[in-house]
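Before any comments, here is the structure.
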Amino acid sequence: MNRHSRSAGLLLEIIIAILFFSVICAITLRVFAKSREMSRDSLELAVTSAAAQSVAEKFRADHNYLEYVQPYASINEKHYYYYDQNMEPAIQQESAYIMQFILTAEESGGGTLYTAHITVSRGNVMPEAFMLAEPVCSYEVSKYIGEAAG
Amino acid sequence: MKNRIEKPGISVGFISLFMIFMVLCLVTFAILALSSASADLRLTSLSVSKNENYYKSDGEVQKLISEIDAKLASARKTAADDGAYYSSVADELKGVSQDLTYDAESRTVTIVRQIDLNTTITAVLQINPLADELRYSTLSYKMAPILKEVEEPPKPVWKG
């Protein structure tokens, strides 16, 4: 009799423990999933920001950049660059991110103020559907180039 | 007298203790993972936001420089000599922006644009004379911290 009640107690304890453990597991798994999602978002933001910054800094620092860019990226024309998951340049079919580069120019009395609008969005989309892609980070960088006095 | 021989194996109570240990481990790791990921994301967002503010302020400084250069170009067209040119520049630059100060003595323009609560972009331009082909030269272009005034003087802790 004593042995029987002891087994029943153990069984009841195991059942209660499994139930409680399942509930805690369900809650903690959700927390782990949320943490993983946040880590992924953080990494994505960091790498896309670094890629956009790299283009922005090249645009600001390199005086020949406009000469390089202008034949391809004429003023007010949108240009797109594709990147894979590791932010390495990729073809559209294998891309995970798309970067939009728009160059605008504003003439002033002494020179031209160039502004580059750089936006990195998530998704493998065609340039026409860029508006549908989810933007991750965006920078607007200006650079003034004065004309020498004549 | 009854001799009870305890058999080795799982006894009542051990399961509960083991479960409590496992639950504590799971909850601790979950909290650590979440706080670490959250701090990481906050830091990255802050960094991106700082970059955005920096490029925005830098763009405004560049725009100001373009306005100054336009004023210099128009002043050059009408000025007969350096004296007239500099006085014309001083008049022209008066109402351009609050971020701009012109020092007539050293003929320098200083632009101070606030990026955030603690940092500014400071650009110092030298206005060149009429004979120079370049209308201005950039003496410095840098980010600088805003030095906060100390309200109370530091109190000595120990006097030797």
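Ordering of the structure tokens sets the chain letters (A, B, ...); residue numbers start at 1 within each chain; ligands are numbered from 1 in the order shown.
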Self-check item: Residues near Val124 (chain B), cut-off 10 Å, only C-alpha atoms, skip fewer than 2 positions along chain, as a list in words
Solution: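 In the requested form, the answer reads Leu100, Thr101, Tyr102, Thr108, Val109, Thr110, Ile111, Val112, Thr122, Gln126, Ile127, Ser137, Thr138, Leu139, Ser140, Tyr141 and Lys142 of chain B.
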Quiz item: DSSP says strand (DSSP E or B) for which residues of chain A? Put them as a VMD selection string?
Solution: chain A and resid 78 to 83 89 97 to 107 111 to 122 134 to 146
Quiz prompt | Test item, alpha helix (DSSP H) assignment across chain B, answer as a ChimeraX atom specification | solution = /B:14-78,82-93
Practice problem: Mind checking which residues fall within 7 Å of region 129-137 of chain A, counting only C-alpha atoms, ignoring those fewer than 3 positions away in the same chain, and posting them as a ChimeraX atom specification? | Solution: /A:45,48-49,119-123,125-126
Only N, CA and C atoms, please: the residues just picked out, written as a compact mmCIF listing (two decimals), in the first residue's frame.
# COMPACT_ATOMS: atom_id res chain seq x y z
N LEU A 45 21.04 46.28 -39.55
CA LEU A 45 21.15 47.74 -39.48
C LEU A 45 22.62 48.17 -39.54
N THR A 48 24.09 47.35 -43.22
CA THR A 48 23.53 48.23 -44.27
C THR A 48 23.98 49.67 -44.06
N SER A 49 24.05 50.07 -42.79
CA SER A 49 24.51 51.43 -42.48
C SER A 49 25.97 51.60 -42.91
N THR A 119 19.75 55.20 -50.08
CA THR A 119 18.78 54.40 -49.30
C THR A 119 19.06 52.93 -49.51
N VAL A 120 19.16 52.19 -48.42
CA VAL A 120 19.32 50.74 -48.51
C VAL A 120 18.03 50.09 -48.03
N SER A 121 17.47 49.22 -48.87
CA SER A 121 16.23 48.54 -48.53
C SER A 121 16.41 47.04 -48.54
N ARG A 122 15.56 46.38 -47.77
CA ARG A 122 15.62 44.92 -47.69
C ARG A 122 14.75 44.33 -48.79
N GLY A 123 15.25 43.29 -49.42
CA GLY A 123 14.42 42.61 -50.40
C GLY A 123 15.08 42.46 -51.74
N VAL A 125 14.24 42.96 -55.09
CA VAL A 125 13.21 43.56 -55.95
C VAL A 125 13.84 44.19 -57.18
N MET A 126 13.03 44.35 -58.19
CA MET A 126 13.48 45.05 -59.39
C MET A 126 13.47 46.55 -59.07
Quiz prompt | Interface residues on chain B facing chain A, 8 Å, only C-alpha atoms, written as a PyMOL selection string | solution = chain B and resi 11-13+15-16+19+23+26-27+30-31+33-34+37-38+40-41+44-45+48+52+55-56+58-59+62-63+65-67+69-74+133-135
Export of the given selection (N, CA and C atoms) as a compact mmCIF listing (two decimals), in the first residue's frame:
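To be explicit, this is the file written out as part-v2.txt:
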# COMPACT_ATOMS: atom_id res chain seq x y z
N SER B 11 13.64 9.65 -6.29
CA SER B 11 12.73 9.71 -5.15
C SER B 11 11.85 10.95 -5.28
N VAL B 12 10.79 10.98 -4.51
CA VAL B 12 9.85 12.09 -4.57
C VAL B 12 10.56 13.35 -4.09
N GLY B 13 10.39 14.46 -4.83
CA GLY B 13 11.05 15.70 -4.45
C GLY B 13 12.21 16.05 -5.37
N ILE B 15 12.49 15.43 -8.56
CA ILE B 15 11.96 15.97 -9.83
C ILE B 15 11.68 17.47 -9.70
N SER B 16 11.06 17.83 -8.58
CA SER B 16 10.73 19.25 -8.37
C SER B 16 11.99 20.09 -8.27
N MET B 19 13.52 20.43 -11.70
CA MET B 19 12.72 21.33 -12.54
C MET B 19 12.97 22.79 -12.16
N VAL B 23 14.32 25.52 -14.71
CA VAL B 23 13.52 26.73 -14.97
C VAL B 23 14.36 27.97 -14.68
N LEU B 26 16.82 28.39 -17.52
CA LEU B 26 16.16 28.87 -18.75
C LEU B 26 15.80 30.35 -18.64
N VAL B 27 15.20 30.71 -17.52
CA VAL B 27 14.76 32.11 -17.35
C VAL B 27 15.97 33.04 -17.33
N ALA B 30 17.37 33.32 -20.85
CA ALA B 30 16.44 34.08 -21.70
C ALA B 30 16.55 35.57 -21.41
N ILE B 31 16.61 35.92 -20.13
CA ILE B 31 16.71 37.34 -19.76
C ILE B 31 18.05 37.91 -20.24
N ALA B 33 19.91 36.85 -22.78
CA ALA B 33 19.90 36.93 -24.24
C ALA B 33 19.09 38.14 -24.70
N LEU B 34 17.92 38.34 -24.07
CA LEU B 34 17.05 39.45 -24.47
C LEU B 34 17.69 40.79 -24.15
N ALA B 37 20.62 41.39 -26.61
CA ALA B 37 20.15 41.72 -27.95
C ALA B 37 19.53 43.11 -27.98
N SER B 38 18.78 43.44 -26.93
CA SER B 38 18.12 44.74 -26.87
C SER B 38 19.16 45.86 -26.78
N ASP B 40 22.22 45.73 -27.82
CA ASP B 40 22.91 45.75 -29.11
C ASP B 40 22.12 46.56 -30.13
N LEU B 41 20.83 46.28 -30.20
CA LEU B 41 19.96 46.97 -31.16
C LEU B 41 19.87 48.46 -30.83
N THR B 44 23.13 50.11 -31.91
CA THR B 44 23.22 50.24 -33.37
C THR B 44 22.29 51.35 -33.86
N SER B 45 21.06 51.38 -33.31
CA SER B 45 20.10 52.42 -33.72
C SER B 45 20.65 53.81 -33.37
N VAL B 48 23.35 54.72 -35.87
CA VAL B 48 22.77 55.11 -37.16
C VAL B 48 22.12 56.49 -37.05
N GLU B 52 23.03 59.85 -39.13
CA GLU B 52 22.02 60.63 -39.87
C GLU B 52 22.10 62.10 -39.49
N TYR B 55 25.28 63.70 -40.98
CA TYR B 55 25.19 64.00 -42.42
C TYR B 55 24.22 65.16 -42.67
N LYS B 56 23.15 65.21 -41.85
CA LYS B 56 22.17 66.29 -42.00
C LYS B 56 22.83 67.63 -41.67
N ASP B 58 26.04 68.29 -41.57
CA ASP B 58 27.10 68.54 -42.55
C ASP B 58 26.52 69.10 -43.85
N GLY B 59 25.37 68.57 -44.26
CA GLY B 59 24.68 69.07 -45.45
C GLY B 59 24.28 70.53 -45.28
N GLN B 62 27.37 72.61 -45.62
CA GLN B 62 27.75 72.70 -47.04
C GLN B 62 26.84 73.70 -47.77
N LYS B 63 25.56 73.69 -47.40
CA LYS B 63 24.61 74.62 -48.02
C LYS B 63 24.97 76.07 -47.65
N ILE B 65 27.95 77.12 -46.86
CA ILE B 65 29.18 77.47 -47.60
C ILE B 65 28.83 77.86 -49.03
N SER B 66 27.88 77.14 -49.62
CA SER B 66 27.48 77.50 -51.00
C SER B 66 26.84 78.89 -51.05
N GLU B 67 26.07 79.22 -50.00
CA GLU B 67 25.46 80.56 -49.94
C GLU B 67 26.53 81.64 -49.77
N ASP B 69 29.67 81.41 -50.64
CA ASP B 69 30.44 81.50 -51.89
C ASP B 69 29.68 82.30 -52.95
N ALA B 70 28.36 82.11 -52.98
CA ALA B 70 27.55 82.87 -53.94
C ALA B 70 27.63 84.36 -53.63
N LYS B 71 27.61 84.69 -52.32
CA LYS B 71 27.69 86.11 -51.92
C LYS B 71 29.09 86.66 -52.26
N LEU B 72 30.12 85.84 -52.04
CA LEU B 72 31.48 86.28 -52.38
C LEU B 72 31.61 86.53 -53.88
N ALA B 73 31.02 85.62 -54.66
CA ALA B 73 31.08 85.75 -56.12
C ALA B 73 30.39 87.03 -56.58
N SER B 74 29.23 87.33 -55.97
CA SER B 74 28.53 88.55 -56.39
C SER B 74 29.26 89.80 -55.91
N GLU B 133 42.75 83.54 -56.97
CA GLU B 133 41.75 82.89 -57.84
C GLU B 133 40.64 82.23 -57.03
N LEU B 134 41.04 81.68 -55.86
CA LEU B 134 40.05 81.04 -54.98
C LEU B 134 39.38 82.11 -54.11
N ARG B 135 38.07 82.07 -54.05
CA ARG B 135 37.35 83.08 -53.27
C ARG B 135 37.53 82.88 -51.77
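For the pair CA of Pro129 (chain B) and CA of Asp82 (chain B), the separation is 6.0 Å.
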Quiz item: Which residue out of B:Asn128, B:Phe14, B:Glu60, B:Pro145 has the minimum interatomic distance to Asp116 (chain B) when only C-alpha atoms are used?
Solution: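 Among the listed residues, B:Pro145 lies closest to Asp116 (chain B).
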Quiz item: When you draw a straight line from CA of Glu77 (chain A) to CA of Val55 (chain A), how long is it in Å?
Solution: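 About the pair CA of Glu77 (chain A) and CA of Val55 (chain A): they are 16.6 Å apart.
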Quiz item: Which value, in Å to one decimal, gives the distance between CA of Met99 (chain A) and CA of Gln114 (chain B)?
Solution: 28.9 Å
Residues within 12 Å of Thr78 (chain B), only C-alpha atoms, excluding chain neighbours under 6 positions, as a tab-separated table (two decimals) with C-alpha atoms, in the first residue's frame:
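Writing done, so here's around_27.tsv:
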chain	number	residue	atom	x	y	z
B	71	LYS	CA	27.69	86.11	-51.92
B	72	LEU	CA	31.48	86.28	-52.38
B	84	ALA	CA	35.49	97.70	-50.72
B	85	TYR	CA	35.27	93.95	-51.28
B	86	TYR	CA	35.72	93.06	-47.60
B	87	SER	CA	33.26	95.69	-46.39
B	88	SER	CA	30.74	94.47	-48.97
B	89	VAL	CA	31.31	90.88	-47.78
B	130	LEU	CA	40.50	89.76	-55.03
Quiz prompt | Nearest candidate to Leu103 (chain A) (options A:Asn86, A:Lys78, A:Lys58, A:Ala51; using only C-alpha atoms) | solution = A:Lys78
